[in-house]
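Chemist: Sharing target.cif here; it has mmCIF, C-alpha atoms.
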```
data_protein
#
loop_
_atom_site.label_atom_id
_atom_site.label_comp_id
_atom_site.auth_asym_id
_atom_site.auth_seq_id
_atom_site.Cartn_x
_atom_site.Cartn_y
_atom_site.Cartn_z
CA MET A 1 -2.16 14.54 -1.49
CA SER A 2 -3.66 11.78 -3.56
CA THR A 3 -6.81 9.86 -2.68
CA ILE A 4 -4.73 6.77 -1.93
CA ASP A 5 -2.61 8.74 0.57
CA ALA A 6 -5.71 10.21 2.21
CA ILE A 7 -7.30 6.79 2.67
CA GLY A 8 -4.06 5.30 3.99
CA GLY A 9 -3.62 8.17 6.46
CA ALA A 10 -7.15 7.73 7.79
CA ALA A 11 -6.60 3.99 8.21
CA GLU A 12 -3.34 4.55 10.09
CA ALA A 13 -4.95 7.15 12.36
CA ALA A 14 -7.73 4.70 13.28
CA SER A 15 -5.34 1.81 13.90
CA PRO A 16 -5.79 0.06 17.25
CA TYR A 17 -2.06 -0.70 17.35
CA THR A 18 -0.83 2.85 17.98
CA LYS A 19 -0.35 2.28 21.74
CA ARG A 20 1.00 -1.27 21.69
CA SER A 21 4.40 -2.68 22.59
CA GLY A 22 7.35 -2.26 20.26
CA LEU A 23 7.24 -5.84 19.00
CA ARG A 24 3.52 -5.70 18.27
CA ARG A 25 3.94 -2.39 16.49
CA PHE A 26 6.75 -3.86 14.40
CA VAL A 27 4.67 -6.93 13.49
CA HIS A 28 1.74 -4.69 12.57
CA TRP A 29 4.01 -2.48 10.46
CA LEU A 30 5.48 -5.52 8.73
CA ALA A 31 2.01 -6.95 7.97
CA PHE A 32 0.98 -3.53 6.65
CA CYS A 33 4.04 -3.44 4.37
CA VAL A 34 3.36 -6.95 3.06
CA GLU A 35 -0.26 -6.04 2.30
CA ARG A 36 0.83 -2.82 0.61
CA ARG A 37 3.29 -4.75 -1.56
CA ARG A 38 0.64 -7.32 -2.47
CA THR A 39 -1.82 -4.66 -3.58
CA ARG A 40 0.85 -2.84 -5.57
CA LEU A 41 1.71 -6.04 -7.41
CA ALA A 42 -1.98 -6.62 -8.09
CA LEU A 43 -2.17 -3.14 -9.58
CA LEU A 44 0.53 -4.11 -12.08
CA GLU A 45 -1.56 -7.09 -13.22
CA LEU A 46 -4.61 -5.00 -14.18
CA THR A 47 -5.42 -4.50 -17.85
CA ASP A 48 -5.53 -1.06 -19.45
CA ASP A 49 -9.34 -1.18 -19.47
CA GLN A 50 -9.44 -2.00 -15.75
CA LEU A 51 -7.01 0.80 -14.98
CA ALA A 52 -9.12 3.22 -17.02
CA ASP A 53 -12.18 2.17 -14.98
CA ILE A 54 -10.47 3.28 -11.76
CA GLY A 55 -8.94 6.37 -13.36
CA ILE A 56 -5.28 5.36 -13.32
CA SER A 57 -2.96 5.39 -16.31
CA ARG A 58 -0.52 2.56 -17.04
CA CYS A 59 2.33 4.95 -16.19
CA ASP A 60 0.79 5.72 -12.78
CA ALA A 61 0.27 2.00 -12.14
CA TYR A 62 3.92 1.25 -12.89
CA ARG A 63 5.09 4.15 -10.76
CA GLU A 64 3.02 2.93 -7.82
CA GLY A 65 3.67 -0.77 -8.40
CA LEU A 66 7.43 -0.44 -8.48
CA ARG A 67 7.74 1.55 -5.26
CA PRO A 68 9.54 -0.26 -2.43
CA PHE A 69 7.36 -2.04 0.15
CA TYR A 70 8.44 0.27 2.98
CA ASP A 71 7.53 3.47 1.12
#
```
Using the file provided, produce a representation of the structure as structure tokens.
Modeler:
Amino acid sequence: MSTIDAIGGAAEAASPYTKRSGLRRFVHWLAFCVERRRTRLALLELTDDQLADIGISRCDAYREGLRPFYD
């Protein structure tokens, strides 16, 4: 399990939307997917030096950035 997965799992476990109605859960999931996609696209825009600062290779950034929004 990567650090990113561990942080995401903790955030999902602490979510206040776990016991909400189906529509609210769907809207929350959709907003979560949009935010995930936005951050993945931002990762693709980082320079090699910035990626090195956070310990990610260009290959890892592309692999993460090109994943589908729902994954």
Chemist: Given all atoms listed in the file as the basis, pick out the residue of A:Gly55, A:Glu64, A:Ser21, A:Phe26 nearest to Ala42 in chain A.
Modeler: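 Answer, going by the shortest atom-to-atom distance: A:Glu64.
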Chemist: In Å to one decimal, how far is CA of Ser57 in chain A from CA of Leu44 in chain A?
Modeler: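 Between CA of Leu44 in chain A and CA of Ser57 in chain A the gap works out to 11.0 Å.
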Chemist: Hey, can you check how far CA of Arg40 in chain A sits from CA of Gly22 in chain A?
Modeler: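 Spanning CA of Arg40 in chain A to CA of Gly22 in chain A is a straight-line distance of 26.6 Å.
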Chemist: What does the distance between CA of Arg37 in chain A and CA of Asp49 in chain A come to in Å, to one decimal place?
Modeler: 22.2 Å
Chemist: Kindly indicate which residue among A:Ile56, A:Leu66, A:Ala61, A:Val27 lies nearest to Leu43 in chain A, using only C-alpha atoms for the distances.
Modeler: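 Under the stated criterion, the closest residue is A:Ala61.
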Chemist: Name all residues at most 12 Å from Pro68 in chain A (count only C-alpha atoms; drop same-chain ones fewer than 5 positions away) and give them as a short mmCIF file (atom, residue, chain, number, x, y, z; two decimals) with C-alpha atoms, in the frame of the given file.
Modeler:
```
data_model
loop_
_atom_site.label_atom_id
_atom_site.label_comp_id
_atom_site.auth_asym_id
_atom_site.auth_seq_id
_atom_site.Cartn_x
_atom_site.Cartn_y
_atom_site.Cartn_z
CA CYS A 33 4.04 -3.44 4.37
CA VAL A 34 3.36 -6.95 3.06
CA ARG A 36 0.83 -2.82 0.61
CA ARG A 37 3.29 -4.75 -1.56
CA ARG A 38 0.64 -7.32 -2.47
CA ARG A 40 0.85 -2.84 -5.57
CA LEU A 41 1.71 -6.04 -7.41
CA TYR A 62 3.92 1.25 -12.89
CA ARG A 63 5.09 4.15 -10.76
#
```
Chemist: Which of these, A:Phe32, A:Ile54, A:Leu23, A:Thr39, has the shortest distance to Arg67 in chain A once you count only C-alpha atoms?
Modeler: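 Checking each of A:Phe32, A:Ile54, A:Leu23, A:Thr39 against Arg67 in chain A, counting only C-alpha atoms, the winner is A:Thr39.
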